[in-house]
>>> print(open('query-v3.txt').read())   # compact mmCIF, C-alpha atoms
# COMPACT_ATOMS: atom_id res chain seq x y z
CA MET P 98 97.46 80.00 58.17
CA SER P 99 97.33 83.18 56.06
CA SER P 100 100.49 84.69 54.58
CA ALA P 101 100.03 87.71 56.83
CA LEU P 102 99.94 85.48 59.91
CA ARG P 103 102.94 83.52 58.72
CA ARG P 104 104.88 86.77 58.37
CA ALA P 105 103.82 87.87 61.84
CA HIS P 106 104.79 84.53 63.36
CA PHE P 107 108.04 83.99 61.50
CA GLY P 108 109.26 87.40 60.42
CA LEU P 109 109.58 85.96 56.91
CA TRP P 110 112.55 87.04 54.82
CA PRO P 111 111.95 90.05 52.57
CA ALA P 112 110.66 88.64 49.30
CA ILE P 113 112.76 90.72 46.91
CA VAL P 114 116.19 89.56 48.07
CA PHE P 115 115.24 86.25 49.66
CA ALA P 116 113.25 84.78 46.79
CA GLY P 117 115.68 81.92 46.43
CA ILE P 118 118.45 82.33 48.97
CA GLY P 119 119.63 79.05 50.35
CA CYS P 120 117.38 77.27 47.92
CA SER P 121 120.26 75.51 46.15
CA GLY P 122 117.94 74.52 43.40
CA CYS P 123 114.41 75.61 44.33
CA PRO P 124 112.48 78.53 42.86
CA ALA P 125 111.17 81.39 44.92
CA THR P 126 107.84 79.80 45.79
CA SER P 127 108.34 76.12 46.55
CA SER P 128 105.64 73.74 45.42
CA PRO P 129 105.09 70.54 47.40
CA ALA P 130 107.27 68.73 44.90
CA GLN P 131 110.22 71.09 44.64
CA ALA P 132 113.09 69.35 46.37
CA ASP P 133 116.32 70.78 47.63
CA ALA P 134 118.22 67.59 48.18
CA ALA P 135 121.90 66.95 48.60
CA ALA P 136 123.46 63.72 47.45
CA GLY P 137 125.22 60.90 49.26
CA ASP P 138 127.35 58.12 47.87
CA ALA P 139 127.51 55.22 50.34
CA GLU P 140 126.10 51.86 49.32
CA VAL P 141 122.95 50.41 50.85
CA GLY P 142 123.81 48.22 53.81
CA PRO P 143 121.96 45.07 54.84
CA SER P 144 121.76 45.96 58.51
CA ASP P 145 118.35 46.47 60.06
CA ALA P 146 120.01 48.90 62.47
CA ALA P 147 120.76 51.52 59.79
CA ILE P 148 118.29 53.87 61.49
CA GLU P 149 118.14 53.93 65.26
CA VAL P 150 115.11 55.19 67.18
CA THR P 151 116.46 57.50 69.88
CA PRO P 152 115.38 57.13 73.52
CA ASP P 153 112.20 58.85 74.62
CA VAL P 154 113.12 62.26 76.01
CA SER P 155 109.68 63.81 75.47
CA GLY P 156 109.55 64.90 79.12
CA VAL P 157 112.55 67.20 78.70
CA ASP P 158 111.85 70.89 78.14
CA ARG P 159 113.02 71.58 74.56
CA SER P 160 112.48 75.35 74.64
CA PRO P 161 115.51 77.64 74.31
CA ASP P 162 113.79 79.78 76.97
CA ALA P 163 114.79 77.09 79.47
CA ILE P 164 118.46 77.53 78.50
CA GLY P 165 118.91 81.17 79.39
CA ASP P 166 120.72 84.06 77.78
CA ALA P 167 124.12 82.62 78.69
CA VAL P 168 123.84 80.38 75.62
CA TRP P 169 123.79 83.32 73.20
CA SER P 170 126.58 85.65 72.10
CA ILE P 171 126.33 88.58 69.69
CA ILE P 172 127.57 87.86 66.17
CA PRO P 173 130.09 90.60 65.22
CA GLY P 174 128.50 92.67 62.48
CA GLY P 175 125.10 91.08 63.07
CA GLU P 176 123.78 93.81 65.36
CA PRO P 177 121.51 95.43 62.69
CA CYS P 178 119.55 92.17 62.53
CA GLY P 179 119.74 91.16 66.18
CA LEU P 180 121.80 88.07 65.35
CA ARG P 181 123.30 85.88 68.04
CA SER P 182 125.13 82.56 67.93
CA GLY P 183 124.30 79.75 70.32
CA ASP P 184 126.75 77.63 72.30
CA VAL P 185 125.40 74.13 71.63
CA SER P 186 127.36 72.69 74.58
CA LYS P 187 125.48 75.00 76.93
CA ALA P 188 122.14 74.66 75.15
CA ALA P 189 122.08 70.89 75.71
CA LEU P 190 118.95 70.42 73.60
CA PRO P 191 117.74 66.81 73.69
CA PRO P 192 118.11 64.69 70.56
CA LEU P 193 115.29 64.23 68.12
CA VAL P 194 112.88 61.43 68.99
CA TRP P 195 112.12 59.02 66.13
CA ASP P 196 109.01 56.81 66.12
CA LYS P 197 107.91 54.14 63.66
CA CYS P 198 105.45 55.02 60.90
CA GLY P 199 105.47 51.68 59.13
CA GLU P 200 108.01 49.15 57.89
CA GLY P 201 111.11 51.07 56.88
CA CYS P 202 109.70 54.43 58.04
CA THR P 203 110.45 56.56 61.11
CA PHE P 204 109.26 60.09 61.85
CA SER P 205 110.08 62.98 64.16
CA ASP P 206 108.60 66.37 65.01
CA PRO P 207 111.64 68.70 65.14
CA LEU P 208 109.79 71.82 66.35
CA LEU P 209 111.30 73.52 69.40
CA ALA P 210 108.84 73.80 72.27
CA GLY P 211 107.19 77.19 72.55
CA PHE P 212 107.59 78.00 68.85
CA VAL P 213 104.78 78.41 66.32
CA GLY P 214 106.22 76.29 63.53
CA ILE P 215 109.03 75.53 61.10
CA ARG P 216 108.93 77.39 57.81
CA GLU P 217 108.95 74.59 55.26
CA THR P 218 110.96 76.50 52.66
CA SER P 219 113.72 77.08 55.23
CA VAL P 220 114.62 73.38 55.53
CA ARG P 221 117.88 72.22 53.94
CA GLY P 222 119.47 68.79 54.07
CA GLU P 223 122.78 67.31 52.99
CA GLU P 224 124.78 64.11 53.31
CA ARG P 225 128.36 64.28 54.54
CA ASP P 226 130.60 61.28 55.21
CA GLY P 227 127.58 58.96 55.20
CA ASP P 228 125.66 61.05 57.76
CA LEU P 229 122.63 63.25 57.12
CA TYR P 230 122.39 66.82 58.40
CA VAL P 231 119.39 69.15 58.30
CA SER P 232 118.86 72.84 59.08
CA MET P 233 115.55 74.61 59.70
CA GLU P 234 114.09 77.85 60.99
CA ASN P 235 111.85 77.70 64.09
CA GLY P 236 109.69 80.80 64.38
CA ARG P 237 107.48 82.65 66.82
CA PRO P 238 106.61 86.35 67.28
CA GLY P 239 109.80 88.35 67.70
CA GLU P 240 112.21 85.42 67.40
CA ALA P 241 113.56 82.98 64.82
CA ILE P 242 116.07 80.23 65.54
CA THR P 243 117.97 78.41 62.81
CA ARG P 244 118.82 74.97 64.18
CA ILE P 245 121.25 72.52 62.54
CA LEU P 246 120.94 68.84 63.42
CA ARG P 247 122.94 65.68 62.77
CA LEU P 248 120.56 62.77 62.24
CA SER P 249 122.80 59.87 63.31
CA ASP P 250 122.55 60.94 66.96
CA GLY P 251 119.81 63.58 66.67
CA ARG P 252 122.07 66.20 68.22
CA THR P 253 122.00 69.94 67.60
CA VAL P 254 125.32 71.04 66.07
CA GLY P 255 124.56 74.71 65.38
CA LEU P 256 122.21 77.48 66.56
CA VAL P 257 121.58 81.01 65.27
CA GLN P 258 119.03 83.38 66.77
CA GLN P 259 117.41 86.47 65.25
CA ARG P 260 115.55 88.84 67.58
CA SER P 261 114.90 92.05 65.64
CA ASN P 262 114.45 93.84 62.30
CA PHE P 263 112.46 91.05 60.64
CA ALA P 264 111.11 93.48 58.04
CA ASP P 265 114.60 93.89 56.56
CA CYS P 266 116.72 90.97 57.81
CA GLY P 267 116.78 87.21 57.82
CA VAL P 268 119.05 84.16 57.94
CA GLY P 269 118.93 81.59 55.17
CA ALA P 270 120.64 78.24 54.67
CA VAL P 271 122.29 77.32 51.39
CA SER P 272 122.88 73.96 53.06
CA PRO P 273 123.29 72.83 56.69
CA PHE P 274 126.95 73.84 56.27
CA ARG P 275 126.57 77.30 54.68
CA LEU P 276 124.40 80.11 56.05
CA ILE P 277 123.80 83.67 54.85
CA ALA P 278 122.34 86.62 56.76
CA VAL P 279 120.83 89.31 54.54
CA GLN P 280 119.80 92.95 54.91
CA SER P 281 117.41 93.32 51.98
CA LYS P 282 117.13 97.12 51.70
CA SER P 283 120.88 97.49 51.25
CA ALA P 284 121.37 94.07 49.55
CA LEU P 285 124.08 93.23 52.09
CA HIS P 286 125.02 89.60 52.74
CA LEU P 287 126.96 88.05 55.63
CA PRO P 288 128.02 84.44 54.87
CA ALA P 289 128.90 81.79 57.43
CA ARG P 290 130.41 78.31 57.35
CA VAL P 291 129.24 75.52 59.66
CA THR P 292 131.77 72.92 60.83
CA PRO P 293 130.00 70.66 63.36
CA GLU P 294 133.17 69.39 65.04
CA ALA P 295 134.72 72.86 65.43
CA VAL P 296 134.50 75.17 68.46
CA PRO P 297 132.59 77.33 67.81
CA PRO P 298 130.84 75.40 65.02
CA ILE P 299 129.75 78.49 63.04
CA ARG P 300 132.32 80.89 61.61
CA TRP P 301 130.89 84.17 60.22
CA ALA P 302 132.51 86.35 57.57
CA THR P 303 134.48 89.37 58.67
CA GLY P 304 132.14 91.79 56.90
CA TRP P 305 128.99 92.26 54.82
CA VAL P 306 129.18 92.14 51.02
CA SER P 307 126.75 93.77 48.57
CA ILE P 308 125.01 91.45 46.10
CA PRO P 309 122.14 93.39 44.52
CA GLY P 310 119.32 91.83 42.54
CA LEU P 311 116.58 89.24 42.92
CA GLN P 312 118.11 85.83 43.55
CA THR P 313 116.38 82.69 42.32
CA SER P 314 118.95 80.21 43.64
CA VAL P 315 122.19 80.10 45.61
CA PHE P 316 124.80 77.33 45.58
CA ALA P 317 128.00 76.60 47.51
CA ALA P 318 131.00 75.12 45.69
CA GLY P 319 134.37 74.82 47.39
CA ASP P 320 135.01 78.01 49.35
CA GLY P 321 132.73 80.07 47.11
CA LEU P 322 129.07 80.92 46.75
CA GLY P 323 127.16 81.34 43.49
CA PHE P 324 124.20 83.74 43.42
CA VAL P 325 121.83 83.04 40.51
CA LEU P 326 120.05 86.26 39.57
CA TYR P 327 116.62 86.64 38.01
CA ALA P 328 118.15 89.16 35.60
CA GLY P 329 120.07 86.33 33.90
CA ALA P 330 123.50 86.16 35.53
CA ILE P 331 125.47 84.27 38.15
CA ARG P 332 127.59 86.29 40.56
CA TRP P 333 130.46 84.40 42.20
CA LEU P 334 131.75 85.17 45.70
CA ALA P 335 135.16 83.49 45.87
CA ASN P 336 135.09 83.01 49.66
CA ASP P 337 133.17 84.20 52.70
CA ASP P 338 135.52 87.12 53.36
CA ALA P 339 135.69 88.37 49.75
CA THR P 340 134.68 92.01 49.40
CA GLY P 341 133.01 91.69 46.00
CA THR P 342 131.65 89.32 43.35
CA SER P 343 132.36 88.63 39.70
CA VAL P 344 129.91 87.60 36.97
CA VAL P 345 130.78 84.09 35.79
CA ASP P 346 127.78 83.37 33.53
CA THR P 347 124.98 85.18 31.72
CA PHE P 348 121.90 83.73 30.05
CA SER P 349 118.45 84.57 28.76
CA GLY P 350 115.40 83.34 30.60
CA VAL P 351 115.25 82.32 34.25
CA VAL P 352 117.42 79.77 36.04
CA ASP P 353 115.69 78.82 39.26
CA ARG P 354 117.45 75.61 40.29
CA SER P 355 121.05 74.68 40.88
CA ALA P 356 122.99 71.89 42.55
CA ALA P 357 126.46 71.58 44.04
CA ARG P 358 128.70 69.02 45.67
CA GLY P 359 132.28 69.60 46.76
CA THR P 360 133.82 72.05 44.29
CA PHE P 361 131.39 71.31 41.43
CA ALA P 362 128.14 73.18 40.69
CA VAL P 363 125.61 72.86 37.87
CA TRP P 364 122.45 74.63 36.76
CA PRO P 365 119.92 73.65 34.06
CA LEU P 366 118.57 76.15 31.59
CA VAL P 367 117.05 76.54 28.14
CA GLU P 368 119.09 78.84 25.89
CA GLY P 369 117.72 79.66 22.43
CA GLY P 370 115.22 76.83 22.75
CA VAL P 371 117.98 74.28 23.47
CA PRO P 372 118.07 72.54 26.89
CA ALA P 373 121.46 72.62 28.60
CA ILE P 374 123.27 71.72 31.80
CA ARG P 375 125.86 74.36 32.53
CA GLY P 376 128.34 74.27 35.38
CA MET P 377 131.71 75.06 36.85
CA TYR P 378 134.34 73.80 39.22
CA ALA P 379 135.21 76.45 41.81
CA GLY P 380 137.82 78.82 40.39
CA GLU P 381 137.44 77.47 36.83
CA ALA P 382 135.52 78.67 33.78
CA VAL P 383 131.84 77.90 33.23
CA GLN P 384 131.18 75.17 30.65
CA THR P 385 128.14 73.64 28.98
CA PHE P 386 128.40 70.03 30.12
CA ALA P 387 125.42 68.62 28.24
CA ASN P 388 122.62 69.47 25.81
CA PRO P 389 120.01 66.81 26.64
CA PRO P 390 117.21 66.23 24.10
CA LEU P 391 114.58 66.86 26.79
CA GLU P 392 114.17 69.88 29.05
CA VAL P 393 116.05 69.45 32.33
CA VAL P 394 113.76 69.93 35.32
CA GLY P 395 116.50 69.60 37.94
CA VAL P 396 119.96 68.15 38.58
CA ALA P 397 121.62 66.40 41.53
CA LEU P 398 125.23 65.40 42.13
CA ALA P 399 126.73 62.38 43.87
CA ALA P 400 130.35 61.46 44.46
CA THR P 401 130.61 59.63 41.13
CA SER P 402 127.51 60.60 39.16
CA MET P 403 125.32 63.43 37.89
CA VAL P 404 121.59 62.72 37.52
CA TRP P 405 118.70 64.80 36.30
CA THR P 406 114.96 64.70 35.69
CA ALA P 407 114.19 65.31 32.02
CA ALA P 408 110.77 66.19 30.66
CA LYS P 409 108.88 67.02 27.48
CA PRO P 410 106.57 69.89 28.44
CA LYS P 411 103.01 70.19 27.19
CA SER P 412 101.90 73.46 25.65
CA SER P 413 98.90 73.43 27.99
CA GLY P 414 101.10 72.91 31.06
CA GLY P 415 102.56 69.87 32.77
CA TYR P 416 104.51 67.16 30.97
CA GLU P 417 103.91 64.68 28.21
CA TYR P 418 106.82 62.56 29.38
CA VAL P 419 109.29 62.52 32.30
CA GLU P 420 112.31 60.29 32.89
CA ILE P 421 115.46 59.95 34.98
CA GLN P 422 118.79 60.37 33.17
CA ALA P 423 122.29 59.90 34.56
CA SER P 424 125.96 60.24 33.67
CA PRO P 425 129.29 59.61 35.39
CA LEU P 426 130.36 62.76 37.21
CA PRO P 427 132.08 64.83 34.51
CA LYS P 428 135.27 66.84 34.77
CA SER P 429 134.69 68.14 31.25
CA PRO P 430 131.83 67.91 28.70
CA LYS P 431 133.46 64.96 26.93
CA ASP P 432 133.02 62.90 30.13
CA VAL P 433 129.23 63.04 29.95
CA VAL P 434 127.77 59.68 28.89
CA VAL P 435 123.98 59.68 29.22
CA ALA P 436 122.15 56.62 30.52
CA ARG P 437 118.37 56.84 30.28
CA GLY P 438 116.36 55.52 33.18
CA PRO P 439 112.69 54.62 33.44
CA ALA P 440 109.81 56.97 32.73
CA LEU P 441 108.14 58.46 35.80
CA PRO P 442 104.32 58.19 35.89
CA SER P 443 104.01 61.90 36.66
CA TYR P 444 102.26 64.67 34.78
CA ALA P 445 103.42 67.73 36.75
CA GLY P 446 105.26 69.03 39.80
CA VAL P 447 108.43 66.98 39.32
CA SER P 448 111.13 68.04 41.76
CA ARG P 449 114.86 68.27 41.45
CA PRO P 450 116.14 64.79 42.23
CA ALA P 451 118.29 63.56 45.08
CA THR P 452 120.82 60.80 44.51
CA ALA P 453 123.05 58.44 46.47
CA GLY P 454 124.97 55.46 45.20
CA ASP P 455 122.75 53.57 42.75
CA PHE P 456 119.50 55.32 43.71
CA VAL P 457 117.66 58.46 42.64
CA ALA P 458 114.58 59.99 44.33
CA ALA P 459 112.21 62.74 43.21
CA LEU P 460 108.71 63.95 43.98
CA GLY P 461 105.96 64.41 41.41
CA LEU P 462 102.21 64.36 40.91
CA ALA P 463 101.31 60.81 39.88
CA LEU P 464 98.78 60.08 37.16
CA SER P 465 96.91 57.65 39.41
CA THR P 466 96.58 59.80 42.55
CA ASP P 467 95.11 63.06 43.77
CA LEU P 468 97.13 66.27 44.14
CA SER P 469 99.31 64.86 46.94
CA PRO P 470 102.90 64.35 45.72
CA THR P 471 104.25 60.85 45.18
CA LEU P 472 107.85 59.89 45.92
CA PHE P 473 109.50 58.12 42.99
CA VAL P 474 112.64 56.10 43.71
CA VAL P 475 114.73 54.62 40.88
CA GLN P 476 117.58 52.14 41.02
CA VAL P 477 119.74 53.27 38.11
CA SER P 478 121.51 49.97 37.39
CA THR P 479 118.29 47.93 37.16
CA LYS P 480 115.89 50.75 36.12
CA LYS P 481 113.50 49.52 38.79
CA LEU P 482 110.94 52.11 39.93
CA TRP P 483 109.12 52.38 43.27
CA SER P 484 106.19 54.78 43.78
CA ILE P 485 105.49 55.75 47.40
CA HIS P 486 102.39 57.88 47.89
CA SER P 487 101.95 60.52 50.57
CA ARG P 488 100.59 59.11 53.80
CA PRO P 489 96.80 59.48 54.24
CA GLY P 490 95.98 62.92 55.59
CA ASN P 491 99.55 64.12 55.00
CA THR P 492 101.48 65.74 52.15
CA PHE P 493 105.06 64.97 51.18
CA THR P 494 107.15 68.09 50.71
CA ASP P 495 110.69 68.07 49.37
CA VAL P 496 113.29 65.34 49.41
CA TYR P 497 115.73 67.11 51.70
CA ALA P 498 118.65 64.70 51.50
CA MET P 499 119.62 61.14 50.69
CA SER P 500 122.37 58.80 51.85
CA GLY P 501 123.30 55.28 50.84
CA THR P 502 120.79 53.87 53.35
CA GLU P 503 117.88 56.31 53.59
CA ILE P 504 115.86 59.20 52.18
CA LEU P 505 115.05 62.25 54.32
CA ILE P 506 111.71 63.78 53.35
CA GLY P 507 109.22 66.14 54.96
CA GLU P 508 105.49 66.31 55.56
CA ARG P 509 103.77 69.68 55.66
CA THR P 510 100.55 71.49 56.39
CA ASP P 511 100.14 74.70 54.39
CA ALA P 512 103.67 76.19 54.43
CA ILE P 513 104.60 74.68 57.80
CA LEU P 514 106.79 71.60 58.20
CA LYS P 515 105.01 69.15 60.50
CA ARG P 516 107.48 66.29 60.67
CA LEU P 517 110.59 64.71 59.15
CA LEU P 518 110.46 61.18 57.72
CA ARG P 519 113.35 58.77 57.17
CA LEU P 520 112.63 56.08 54.58
CA ARG P 521 114.98 53.11 54.28
CA LEU P 522 116.26 52.15 50.86
CA ASP P 523 116.40 48.47 51.80
CA ARG P 524 112.65 48.54 52.61
CA LEU P 525 111.33 50.14 49.42
CA ASP P 526 109.14 47.15 48.53
CA GLU P 527 107.44 47.36 51.93
CA LEU P 528 107.14 51.16 51.78
CA VAL P 529 105.19 51.03 48.53
CA ALA P 530 102.36 49.28 50.41
CA ALA P 531 103.01 50.67 53.91
CA TRP P 532 99.93 52.95 53.93
>>> encode(input="query-v3.txt", output="structure tokens")
Amino acid sequence: MSSALRRAHFGLWPAIVFAGIGCSGCPATSSPAQADAAAGDAEVGPSDAAIEVTPDVSGVDRSPDAIGDAVWSIIPGGEPCGLRSGDVSKAALPPLVWDKCGEGCTFSDPLLAGFVGIRETSVRGEERDGDLYVSMENGRPGEAITRILRLSDGRTVGLVQQRSNFADCGVGAVSPFRLIAVQSKSALHLPARVTPEAVPPIRWATGWVSIPGLQTSVFAAGDGLGFVLYAGAIRWLANDDATGTSVVDTFSGVVDRSAARGTFAVWPLVEGGVPAIRGMYAGEAVQTFANPPLEVVGVALAATSMVWTAAKPKSSGGYEYVEIQASPLPKSPKDVVVARGPALPSYAGVSRPATAGDFVAALGLALSTDLSPTLFVVQVSTKKLWSIHSRPGNTFTDVYAMSGTEILIGERTDAILKRLLRLRLDRLDELVAAW
């Protein structure tokens, strides 16, 4: 599908402002191996029932058209963009259907009936309390619906609809729990917080706030949001209802990936030729937490650890060497103790990692395969490495989230998400040879 057709079908976000909004670590144009993954911390369980296949409800009409306008209510302040919030209790969308795709693998097509596709770069995942959540934008001419799902029961926990002004407006997800609507011409932003158990589950800010400049990444830490600007600064919005931002960090070069968990956020950069991991706890000063000897490709945070992919770039492009590195989660720079993991057999396209418990996962282009990304999974304590290639005829795209029992990953065609895959951590040996 051409970019012009994709824009017509999805009303894609204006490129200037939306280059990295909601990316939480991905650059403006996501490659197949650029992951936006949130970390979990539960341990791997022995139970074969860690992932349940939901009952077959394929005969149920999944289209929001079948729900009726009674589901939707106007979002105060969202009128310029035609934004409406959906009542999930009235929508009654059926749960996702999961089918087997091999030992330790299940898949689902999350597309709403009647829609053209799911924009792959819109998908965000995160672990919370051992459960995985995912948000995504379903698009068709004249309408886009951001849908937030809980994977344990496959239920929809949040819905946002956009019906107009696609040339100037859009809704992006920083994570399944933080959304931002944007008017690009005026650089106005309207944040929202998603609380699945609340009624209603989505609470929008009381007013729009101006955040000018091209954004390469956005992160959520505590009550605040960090906007990483291409111009070399991070603007901090203290809470959703704040009326302005403050600059908390400046740097040379471009920072296009960030990661956050709880109140802690980090971003890798190269300053004066020296690799660094910089970060902050919400409301506290920015600090340089580490100066690794290798360039940091991306960082992920778990409850008790910070992990990153480190690489030695080649002057001709790609990498000479890539490895996983980890440290206990630091409160200050003196808490960083680096443990080096195994080398990844990848020469390019290494994603930001995802992490949970003792495991780390990242995508990359393997030396022994074609241009389809390979999923690398590392057990930190043993330094054991598993390489899981893309399924034949399919392409892995982004590790969206990871818990103590599974990895959530996508498969795409062009820029369109085709299906979600859940890969079990206790079946990694089988998954290596599953296809």
>>> closest_residue(input="query-v3.txt", among="P:Leu248, P:Ala387, P:Trp301, P:Ala188", to="Ile171 in chain P", atoms="all atoms listed in the file")
P:Trp301
>>> residues_around(input="query-v3.txt", residues="Gly507 in chain P", least_positions_apart="2", cutoff="7 Å", atoms="all atoms listed in the file", output="mmCIF file with C-alpha atoms, in the frame of the given file")
data_model
loop_
_atom_site.group_PDB
_atom_site.id
_atom_site.type_symbol
_atom_site.label_atom_id
_atom_site.label_comp_id
_atom_site.auth_asym_id
_atom_site.auth_seq_id
_atom_site.Cartn_x
_atom_site.Cartn_y
_atom_site.Cartn_z
ATOM 1 C CA PHE P 493 105.060 64.970 51.180
ATOM 2 C CA THR P 494 107.150 68.090 50.710
ATOM 3 C CA ASP P 495 110.690 68.070 49.370
ATOM 4 C CA VAL P 496 113.290 65.340 49.410
ATOM 5 C CA ARG P 509 103.770 69.680 55.660
ATOM 6 C CA LEU P 514 106.790 71.600 58.200
ATOM 7 C CA ARG P 516 107.480 66.290 60.670
ATOM 8 C CA LEU P 517 110.590 64.710 59.150
ATOM 9 C CA LEU P 518 110.460 61.180 57.720
#
>>> atom_distance(input="query-v3.txt", atom1="CA of Gly183 in chain P", atom2="CA of Glu224 in chain P")
23.1 Å
>>> atom_distance(input="query-v3.txt", atom1="CA of Met377 in chain P", atom2="CA of Ala362 in chain P")
5.6 Å
>>> residues_around(input="query-v3.txt", residues="Glu217 in chain P", least_positions_apart="2", cutoff="9 Å", atoms="all atoms listed in the file", output="ChimeraX atom specification")
/P:127,214-215,219-220,233-234,494-495,507-509,511-515
>>> residues_around(input="query-v3.txt", residues="Arg181 in chain P", least_positions_apart="4", cutoff="10 Å", atoms="all atoms listed in the file", output="compact mmCIF listing (two decimals) with C-alpha atoms, in the frame of the given file")
# COMPACT_ATOMS: atom_id res chain seq x y z
CA VAL P 168 123.84 80.38 75.62
CA TRP P 169 123.79 83.32 73.20
CA SER P 170 126.58 85.65 72.10
CA ILE P 171 126.33 88.58 69.69
CA ILE P 172 127.57 87.86 66.17
CA PRO P 173 130.09 90.60 65.22
CA GLY P 175 125.10 91.08 63.07
CA GLU P 176 123.78 93.81 65.36
CA ILE P 242 116.07 80.23 65.54
CA LEU P 256 122.21 77.48 66.56
CA VAL P 257 121.58 81.01 65.27
CA GLN P 258 119.03 83.38 66.77
CA GLN P 259 117.41 86.47 65.25
CA ARG P 260 115.55 88.84 67.58
>>> atom_distance(input="query-v3.txt", atom1="CA of Ala436 in chain P", atom2="CA of Thr452 in chain P")
14.7 Å
>>> closest_residue(input="query-v3.txt", among="P:Trp405, P:Tyr444, P:Phe456, P:Trp532", to="Ser487 in chain P", atoms="all atoms listed in the file")
P:Trp532
>>> residues_around(input="query-v3.txt", residues="Lys481 in chain P", least_positions_apart="3", cutoff="10 Å", atoms="only C-alpha atoms", output="VMD selection string")
chain P and resid 438 to 439 456 474 to 478
>>> closest_residue(input="query-v3.txt", among="P:Pro191, P:Gly376, P:Gly267, P:Pro298", to="Gly251 in chain P", atoms="only C-alpha atoms")
P:Pro191
>>> residues_around(input="query-v3.txt", residues="Thr360 in chain P", least_positions_apart="6", cutoff="10 Å", atoms="only C-alpha atoms", output="number ranges by chain")
P: 317-321, 377-381
>>> closest_residue(input="query-v3.txt", among="P:Leu482, P:Arg354, P:Pro192, P:Arg216", to="Asp526 in chain P", atoms="only C-alpha atoms")
P:Leu482
>>> closest_residue(input="query-v3.txt", among="P:Ser500, P:Asp166, P:Phe386, P:Gln312", to="Lys431 in chain P", atoms="all atoms listed in the file")
P:Phe386
>>> closest_residue(input="query-v3.txt", among="P:Arg237, P:His286, P:His486, P:Arg358", to="Ala451 in chain P", atoms="all atoms listed in the file")
P:Arg358
>>> residues_near_point(input="query-v3.txt", point="(106.9, 82.1, 65.8)", cutoff="7 Å", atoms="all atoms listed in the file", output="mmCIF file with C-alpha atoms, in the frame of the given file")
data_model
loop_
_atom_site.group_PDB
_atom_site.id
_atom_site.type_symbol
_atom_site.label_atom_id
_atom_site.label_comp_id
_atom_site.auth_asym_id
_atom_site.auth_seq_id
_atom_site.Cartn_x
_atom_site.Cartn_y
_atom_site.Cartn_z
ATOM 1 C CA HIS P 106 104.790 84.530 63.360
ATOM 2 C CA PHE P 107 108.040 83.990 61.500
ATOM 3 C CA PHE P 212 107.590 78.000 68.850
ATOM 4 C CA VAL P 213 104.780 78.410 66.320
ATOM 5 C CA GLY P 214 106.220 76.290 63.530
ATOM 6 C CA ASN P 235 111.850 77.700 64.090
ATOM 7 C CA GLY P 236 109.690 80.800 64.380
ATOM 8 C CA ARG P 237 107.480 82.650 66.820
ATOM 9 C CA PRO P 238 106.610 86.350 67.280
ATOM 10 C CA GLU P 240 112.210 85.420 67.400
ATOM 11 C CA ALA P 241 113.560 82.980 64.820
#
>>> build_atoms(input="query-v3.txt", residues="range 357-367 of chain P", atoms="N, CA and C atoms", output="PDB file, keeping the file's coordinate frame")
ATOM      1  N   ALA P 357     125.017  71.553  43.825  1.00  0.00           N
ATOM      2  CA  ALA P 357     126.460  71.580  44.040  1.00  0.00           C
ATOM      3  C   ALA P 357     126.872  70.455  44.971  1.00  0.00           C
ATOM      4  N   ARG P 358     128.084  70.005  44.783  1.00  0.00           N
ATOM      5  CA  ARG P 358     128.700  69.020  45.670  1.00  0.00           C
ATOM      6  C   ARG P 358     130.191  69.217  45.602  1.00  0.00           C
ATOM      7  N   GLY P 359     130.838  69.363  46.760  1.00  0.00           N
ATOM      8  CA  GLY P 359     132.280  69.600  46.760  1.00  0.00           C
ATOM      9  C   GLY P 359     132.595  70.909  46.054  1.00  0.00           C
ATOM     10  N   THR P 360     133.430  70.841  45.032  1.00  0.00           N
ATOM     11  CA  THR P 360     133.820  72.050  44.290  1.00  0.00           C
ATOM     12  C   THR P 360     133.054  72.217  42.989  1.00  0.00           C
ATOM     13  N   PHE P 361     132.100  71.338  42.707  1.00  0.00           N
ATOM     14  CA  PHE P 361     131.390  71.310  41.430  1.00  0.00           C
ATOM     15  C   PHE P 361     129.972  71.822  41.605  1.00  0.00           C
ATOM     16  N   ALA P 362     129.515  72.672  40.680  1.00  0.00           N
ATOM     17  CA  ALA P 362     128.140  73.180  40.690  1.00  0.00           C
ATOM     18  C   ALA P 362     127.578  73.152  39.286  1.00  0.00           C
ATOM     19  N   VAL P 363     126.278  72.903  39.173  1.00  0.00           N
ATOM     20  CA  VAL P 363     125.610  72.860  37.870  1.00  0.00           C
ATOM     21  C   VAL P 363     124.265  73.574  37.971  1.00  0.00           C
ATOM     22  N   TRP P 364     123.777  74.023  36.824  1.00  0.00           N
ATOM     23  CA  TRP P 364     122.450  74.630  36.760  1.00  0.00           C
ATOM     24  C   TRP P 364     121.850  74.352  35.378  1.00  0.00           C
ATOM     25  N   PRO P 365     120.586  73.907  35.338  1.00  0.00           N
ATOM     26  CA  PRO P 365     119.920  73.650  34.060  1.00  0.00           C
ATOM     27  C   PRO P 365     119.269  74.911  33.521  1.00  0.00           C
ATOM     28  N   LEU P 366     119.213  75.015  32.220  1.00  0.00           N
ATOM     29  CA  LEU P 366     118.570  76.150  31.590  1.00  0.00           C
ATOM     30  C   LEU P 366     118.166  75.794  30.161  1.00  0.00           C
ATOM     31  N   VAL P 367     117.387  76.659  29.553  1.00  0.00           N
ATOM     32  CA  VAL P 367     117.050  76.540  28.140  1.00  0.00           C
ATOM     33  C   VAL P 367     117.527  77.812  27.469  1.00  0.00           C
TER      34      VAL P 367
END
